[in-house]
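K.L.:
After the structure tokens below, expect a handful of questions from me.
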Amino acid sequence: MRFRRRVSGRHVCIVVQNLPVPFDRRVWLECKALVAAGYEVSVVCPKGPGDPSYQELDGVHIVKYRAFPPITRQVMFLAEYAYSILATLLGLAKVWRRSRFTVVQVCNPPDVLWTAVLPFTLLFGVRMVFDQHDLCPELYESRFESPAALPYKALVLAERATYALSSHVISTNESYRRVAMTRGRKKPSDVTVVRTGPDPDRMRRREPDAALRRGHRHLLVYIGVMGPQDGVDLAIRAMEHIVGTRGRTDVALTLIGDGDAAPALRALTTELGLDEHVTFTGRAPDDVVKGVMSTADLGLSPDPKNALNDVSTMNKTMEYMAFELPVVAFDLVETKVSAAEAAVYATPNDVAEYGDAVLALLDDEVSRKQMGEAGRRRVEDVLAWRHQIPPYVGVYDRLIGS
């Protein structure tokens, strides 16, 4: 890696640990918005498969470190956190050597990366912005059936420290903003909502591909992460209700994405005898995603109701809307804020009611079309990323000076 030393008063360094950039779509959109506004932008993040240790992409300087091996045991989170802190600190030092930054934007999870920023804050007056993607204490509770009390308390303390050291907090929705102002004790003026809006120009419905229905009349789609808290198992059990209990063999489901729950979900599909109706694509390229989303009749948001999901914005819901897909979801606070009349809402965690809601929409083509059109309008007029750029860049204009 070869750097040329620079000093810039408008240099923002973004730190993210759970996904590489530009694969992390929200962070990449933020990077491009800052570059377009005239800021110098660097990123410190883990490597994806085949990624170099340094690259410059679309004017963004990206320093990458080897990702920590995937683990699931709770006790090993401490080792992963320690590794992430050290790797981030070294990455920040490499960026600093090339060009001194004024602000570091820390993206969670986890909520411990402030420790890597702290030396630059104490020694050089660098300010920190907290871009809160998740509520980590609630995320921990949602992933384990019997979460231990001590790790939960530690996560609350780490979150509190992140809030306290942040000059500004960026929240993905109003529910997260309320948490920042209550649990985080931040002033309203120090918290800005920046939603993760879809790009309606890139996400646009095209001609359907009948072959993707795999001989079925109707196609359902799920896109997103497949973790314990994402409810993909509920979508599969809803398919069992649709096929087994209701006898609707004309319905297929395509699941796009991956995660640590994916092997168990594939086994569940086979166990329930749904292999002819349910297909897993894994992480798929954009062309495959567009083909499936343009062919499907409905988008599934099966996130169960819990302390995290009820107040979290689900990106997949807005992506369905961008492709003019009506959505079937459970009745969650922020899901209703996103989708409004573009979705139908089942009683939380009621698989049978969820499956019946799917069938009711499949049998009502007029409602599907109206809901799809309403969802697309909402994306274009309210949710699209272009509407989020002014408040996001405005955070840095106020901190650094426009």
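Following the order of the structure tokens, first chain is A, next is B, and so on, with residues numbered from 1 inside each chain and ligands from 1 in the order they appear.
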Where does range 77-151 of chain A meet range 28-35 of chain A within 12 Å, residue by residue, with the nearest atom pair and distance in Å to one decimal for each, counting only C-alpha atoms, listed by chain and rising number, as CSV?
P.N.:
```
residue,atom,partner,partner_atom,distance
A:Gln105,CA,A:Glu30,CA,10.4
A:Cys107,CA,A:Glu30,CA,11.3
A:Asp131,CA,A:Glu30,CA,10.4
```
K.L.:
DSSP says strand (DSSP E) for which residues of range 149-298 of chain A? Put them as a list of chain:residue names?
P.N.:
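Written out, the strand (DSSP E) residues of range 149-298 of chain A are A:His168, A:Val169, A:Ile170, A:Ser171, A:Val191, A:Thr192, A:Val193, A:His218, A:Leu219, A:Leu220, A:Val221, A:Tyr222, A:Ile223, A:Val251, A:Ala252, A:Leu253, A:Thr254, A:Leu255, A:Ile256, A:Val278, A:Thr279, A:Phe280, A:Thr281, A:Gly282, A:Leu298.
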K.L.:
Okay, now the selection with N, CA and C atoms, as a JSON list (two decimals), in the first residue's frame?
P.N.:
```json
[["chain", "number", "residue", "atom", "x", "y", "z"],
["A", 168, "HIS", "N", -22.15, 13.46, 17.39],
["A", 168, "HIS", "CA", -23.46, 13.41, 16.75],
["A", 168, "HIS", "C", -23.83, 11.95, 16.55],
["A", 169, "VAL", "N", -25.12, 11.66, 16.59],
["A", 169, "VAL", "CA", -25.64, 10.31, 16.35],
["A", 169, "VAL", "C", -26.53, 10.33, 15.11],
["A", 170, "ILE", "N", -26.30, 9.40, 14.20],
["A", 170, "ILE", "CA", -27.15, 9.21, 13.03],
["A", 170, "ILE", "C", -27.99, 7.97, 13.28],
["A", 171, "SER", "N", -29.31, 8.12, 13.27],
["A", 171, "SER", "CA", -30.23, 7.01, 13.52],
["A", 171, "SER", "C", -30.95, 6.63, 12.24],
["A", 191, "VAL", "N", -29.02, 14.39, 17.26],
["A", 191, "VAL", "CA", -29.44, 13.11, 16.67],
["A", 191, "VAL", "C", -30.19, 13.40, 15.37],
["A", 192, "THR", "N", -29.75, 12.80, 14.27],
["A", 192, "THR", "CA", -30.35, 13.01, 12.95],
["A", 192, "THR", "C", -30.79, 11.67, 12.37],
["A", 193, "VAL", "N", -32.00, 11.63, 11.85],
["A", 193, "VAL", "CA", -32.49, 10.41, 11.20],
["A", 193, "VAL", "C", -32.05, 10.40, 9.74],
["A", 218, "HIS", "N", -47.58, -19.10, -8.94],
["A", 218, "HIS", "CA", -47.21, -17.93, -8.14],
["A", 218, "HIS", "C", -45.80, -18.09, -7.57],
["A", 219, "LEU", "N", -45.12, -16.96, -7.43],
["A", 219, "LEU", "CA", -43.77, -16.95, -6.86],
["A", 219, "LEU", "C", -43.70, -15.93, -5.74],
["A", 220, "LEU", "N", -43.20, -16.37, -4.59],
["A", 220, "LEU", "CA", -42.90, -15.50, -3.46],
["A", 220, "LEU", "C", -41.39, -15.32, -3.38],
["A", 221, "VAL", "N", -40.94, -14.21, -2.81],
["A", 221, "VAL", "CA", -39.51, -13.97, -2.69],
["A", 221, "VAL", "C", -39.18, -13.44, -1.31],
["A", 222, "TYR", "N", -38.04, -13.89, -0.79],
["A", 222, "TYR", "CA", -37.42, -13.32, 0.41],
["A", 222, "TYR", "C", -36.01, -12.93, 0.02],
["A", 223, "ILE", "N", -35.59, -11.72, 0.41],
["A", 223, "ILE", "CA", -34.21, -11.31, 0.16],
["A", 223, "ILE", "C", -33.66, -10.71, 1.45],
["A", 251, "VAL", "N", -47.74, -22.64, -5.52],
["A", 251, "VAL", "CA", -46.96, -21.54, -4.96],
["A", 251, "VAL", "C", -45.51, -21.98, -4.74],
["A", 252, "ALA", "N", -44.56, -21.15, -5.16],
["A", 252, "ALA", "CA", -43.13, -21.40, -4.95],
["A", 252, "ALA", "C", -42.53, -20.23, -4.19],
["A", 253, "LEU", "N", -41.42, -20.49, -3.51],
["A", 253, "LEU", "CA", -40.71, -19.47, -2.76],
["A", 253, "LEU", "C", -39.23, -19.52, -3.11],
["A", 254, "THR", "N", -38.67, -18.36, -3.45],
["A", 254, "THR", "CA", -37.23, -18.24, -3.68],
["A", 254, "THR", "C", -36.62, -17.39, -2.57],
["A", 255, "LEU", "N", -35.60, -17.95, -1.91],
["A", 255, "LEU", "CA", -34.93, -17.27, -0.82],
["A", 255, "LEU", "C", -33.56, -16.80, -1.29],
["A", 256, "ILE", "N", -33.33, -15.48, -1.30],
["A", 256, "ILE", "CA", -32.08, -14.89, -1.76],
["A", 256, "ILE", "C", -31.32, -14.36, -0.55],
["A", 278, "VAL", "N", -39.47, -24.67, -2.43],
["A", 278, "VAL", "CA", -38.58, -23.65, -1.86],
["A", 278, "VAL", "C", -37.18, -23.82, -2.44],
["A", 279, "THR", "N", -36.62, -22.71, -2.92],
["A", 279, "THR", "CA", -35.27, -22.71, -3.50],
["A", 279, "THR", "C", -34.42, -21.66, -2.82],
["A", 280, "PHE", "N", -33.17, -22.03, -2.50],
["A", 280, "PHE", "CA", -32.18, -21.11, -1.93],
["A", 280, "PHE", "C", -31.18, -20.74, -3.03],
["A", 281, "THR", "N", -30.97, -19.45, -3.23],
["A", 281, "THR", "CA", -29.98, -19.03, -4.23],
["A", 281, "THR", "C", -28.63, -18.69, -3.61],
["A", 282, "GLY", "N", -28.58, -18.49, -2.26],
["A", 282, "GLY", "CA", -27.40, -17.91, -1.66],
["A", 282, "GLY", "C", -27.33, -16.44, -2.04],
["A", 298, "LEU", "N", -45.21, -11.53, -4.66],
["A", 298, "LEU", "CA", -45.21, -10.95, -3.33],
["A", 298, "LEU", "C", -43.80, -10.97, -2.74]]
```
K.L.:
Take CA of Glu145 in chain A and CA of Val333 in chain A and report the distance between them in Å, one decimal.
P.N.:
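Pair CA of Glu145 in chain A / CA of Val333 in chain A returns 22.7 Å.
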K.L.:
One decimal, Å: what's the distance from CA of Ser42 in chain A over to CA of Thr115 in chain A, could you say?
P.N.:
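Taking CA of Ser42 in chain A and CA of Thr115 in chain A, their separation equals 18.6 Å.
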K.L.:
Just the residues within 12 Å of Pro109 in chain A, please, counting only C-alpha atoms, with nothing from its chain fewer than 5 positions along; format it as a ChimeraX atom specification.
P.N.:
/A:15-19,77,80-81,84,114,130-140,155,158-159,162
K.L.:
What would the file look like if the residues just selected were written as a short mmCIF file (atom, residue, chain, number, x, y, z; two decimals), in the first residue's frame with N, CA, C and O atoms?
P.N.:
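Okay, again-v9.cif is ready:
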```
data_model
loop_
_atom_site.label_atom_id
_atom_site.label_comp_id
_atom_site.auth_asym_id
_atom_site.auth_seq_id
_atom_site.Cartn_x
_atom_site.Cartn_y
_atom_site.Cartn_z
N VAL A 15 -15.69 3.86 9.72
CA VAL A 15 -15.27 2.57 10.25
C VAL A 15 -16.49 1.65 10.32
O VAL A 15 -17.52 2.00 10.89
N VAL A 16 -16.36 0.46 9.71
CA VAL A 16 -17.44 -0.54 9.75
C VAL A 16 -16.80 -1.91 9.93
O VAL A 16 -15.76 -2.20 9.34
N GLN A 17 -17.41 -2.75 10.77
CA GLN A 17 -16.79 -4.02 11.10
C GLN A 17 -17.55 -5.24 10.58
O GLN A 17 -16.96 -6.28 10.31
N ASN A 18 -18.87 -5.15 10.43
CA ASN A 18 -19.62 -6.38 10.16
C ASN A 18 -19.74 -6.71 8.68
O ASN A 18 -20.11 -7.84 8.33
N LEU A 19 -19.41 -5.78 7.79
CA LEU A 19 -19.47 -6.05 6.34
C LEU A 19 -18.36 -5.29 5.63
O LEU A 19 -17.99 -4.19 6.05
N PHE A 77 -17.31 -14.00 21.32
CA PHE A 77 -17.51 -12.63 20.88
C PHE A 77 -16.44 -11.71 21.45
O PHE A 77 -16.05 -10.73 20.82
N GLU A 80 -13.53 -11.81 19.15
CA GLU A 80 -13.82 -11.09 17.91
C GLU A 80 -13.77 -9.59 18.15
O GLU A 80 -13.25 -8.83 17.32
N TYR A 81 -14.33 -9.13 19.26
CA TYR A 81 -14.32 -7.71 19.55
C TYR A 81 -12.90 -7.19 19.73
O TYR A 81 -12.54 -6.13 19.20
N SER A 84 -11.29 -6.97 16.36
CA SER A 84 -11.84 -5.87 15.57
C SER A 84 -11.28 -4.53 16.03
O SER A 84 -10.98 -3.65 15.20
N TRP A 114 -15.41 2.45 19.44
CA TRP A 114 -14.99 3.75 19.96
C TRP A 114 -13.61 3.66 20.61
O TRP A 114 -12.88 4.67 20.64
N PHE A 130 -21.59 8.62 15.47
CA PHE A 130 -22.10 7.26 15.66
C PHE A 130 -23.24 7.02 14.68
O PHE A 130 -24.31 7.60 14.80
N ASP A 131 -22.99 6.19 13.67
CA ASP A 131 -24.03 5.79 12.71
C ASP A 131 -24.61 4.47 13.22
O ASP A 131 -24.06 3.40 12.98
N GLN A 132 -25.73 4.55 13.93
CA GLN A 132 -26.27 3.39 14.65
C GLN A 132 -27.16 2.55 13.73
O GLN A 132 -28.31 2.87 13.49
N HIS A 133 -26.61 1.44 13.25
CA HIS A 133 -27.35 0.55 12.37
C HIS A 133 -28.24 -0.41 13.15
O HIS A 133 -29.26 -0.88 12.64
N ASP A 134 -27.84 -0.78 14.37
CA ASP A 134 -28.57 -1.75 15.19
C ASP A 134 -28.55 -1.33 16.65
O ASP A 134 -27.65 -0.60 17.09
N LEU A 135 -29.53 -1.83 17.39
CA LEU A 135 -29.51 -1.72 18.85
C LEU A 135 -28.86 -3.00 19.36
O LEU A 135 -29.48 -4.06 19.42
N CYS A 136 -27.59 -2.93 19.71
CA CYS A 136 -26.83 -4.15 20.01
C CYS A 136 -27.33 -4.93 21.22
O CYS A 136 -27.34 -6.16 21.19
N PRO A 137 -27.77 -4.29 22.30
CA PRO A 137 -28.33 -5.10 23.39
C PRO A 137 -29.55 -5.90 22.95
O PRO A 137 -29.68 -7.09 23.27
N GLU A 138 -30.45 -5.28 22.18
CA GLU A 138 -31.62 -6.00 21.68
C GLU A 138 -31.23 -7.03 20.63
O GLU A 138 -31.86 -8.10 20.54
N LEU A 139 -30.20 -6.73 19.83
CA LEU A 139 -29.72 -7.70 18.85
C LEU A 139 -29.22 -8.95 19.56
O LEU A 139 -29.50 -10.08 19.13
N TYR A 140 -28.50 -8.78 20.64
CA TYR A 140 -28.00 -9.92 21.41
C TYR A 140 -29.16 -10.75 21.95
O TYR A 140 -29.17 -11.99 21.85
N LEU A 155 -23.03 -4.99 26.91
CA LEU A 155 -23.43 -4.34 25.66
C LEU A 155 -24.10 -2.99 25.93
O LEU A 155 -23.89 -2.03 25.18
N ALA A 158 -21.31 -0.60 26.68
CA ALA A 158 -20.56 -0.24 25.47
C ALA A 158 -21.36 0.75 24.62
O ALA A 158 -20.80 1.72 24.07
N GLU A 159 -22.66 0.53 24.52
CA GLU A 159 -23.51 1.46 23.77
C GLU A 159 -23.51 2.84 24.44
O GLU A 159 -23.42 3.87 23.77
N THR A 162 -20.40 4.67 23.64
CA THR A 162 -20.40 5.16 22.26
C THR A 162 -21.23 6.43 22.15
O THR A 162 -20.83 7.41 21.50
#
```
K.L.:
Could you name the residues that touch Pro46 in chain A at 12 Å or less, counting only C-alpha atoms, but leaving out those on the same chain fewer than 6 positions away, as a list of chain:residue names?
P.N.:
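Listing them by chain and then by number gives A:Val15, A:Val16, A:Gln17, A:Asn18, A:Leu19, A:Pro20, A:Val21, A:Pro22, A:Phe23, A:Asp24, A:Pro52, A:Ser53, A:Tyr54, A:Ile62, A:Val63, A:Lys64, A:Tyr65, A:Arg66, A:Ala67, A:Phe68, A:Pro69, A:Tyr83, A:Ser84, A:Ile85, A:Ala87, A:Thr88, A:Gly91.
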K.L.:
Which residues of range 264-383 of chain A sit at most 7 Å from range 206-216 of chain A, using only C-alpha atoms? Give each one's shortest atom pair and distance in Å (one decimal place), in chain and ascending residue order, as JSON lines.
P.N.:
```
{"residue": "A:Gly291", "atom": "CA", "partner": "A:Asp209", "partner_atom": "CA", "distance": 6.6}
{"residue": "A:Val292", "atom": "CA", "partner": "A:Leu212", "partner_atom": "CA", "distance": 6.6}
{"residue": "A:Ser294", "atom": "CA", "partner": "A:Pro208", "partner_atom": "CA", "distance": 5.3}
{"residue": "A:Thr295", "atom": "CA", "partner": "A:Pro208", "partner_atom": "CA", "distance": 4.2}
```
K.L.:
Going by DSSP on the backbone, which bits of range 186-329 of chain A are helix (DSSP H, G or I)? Write them as a PyMOL selection string, please.
P.N.:
chain A and resi 188-190+210-213+232-245+262-271+286-295+309-311+315-322
K.L.:
Figure out the distance between CA of Pro348 in chain A and CA of Thr245 in chain A, please, to one decimal in Å.
P.N.:
19.9 Å
K.L.:
Give me the residues within 7 Å of range 260-267 of chain A as JSON, numbers by chain, counting only C-alpha atoms and dropping any in the same chain fewer than 5 places off.
P.N.:
{"A": [226, 227, 228, 233]}
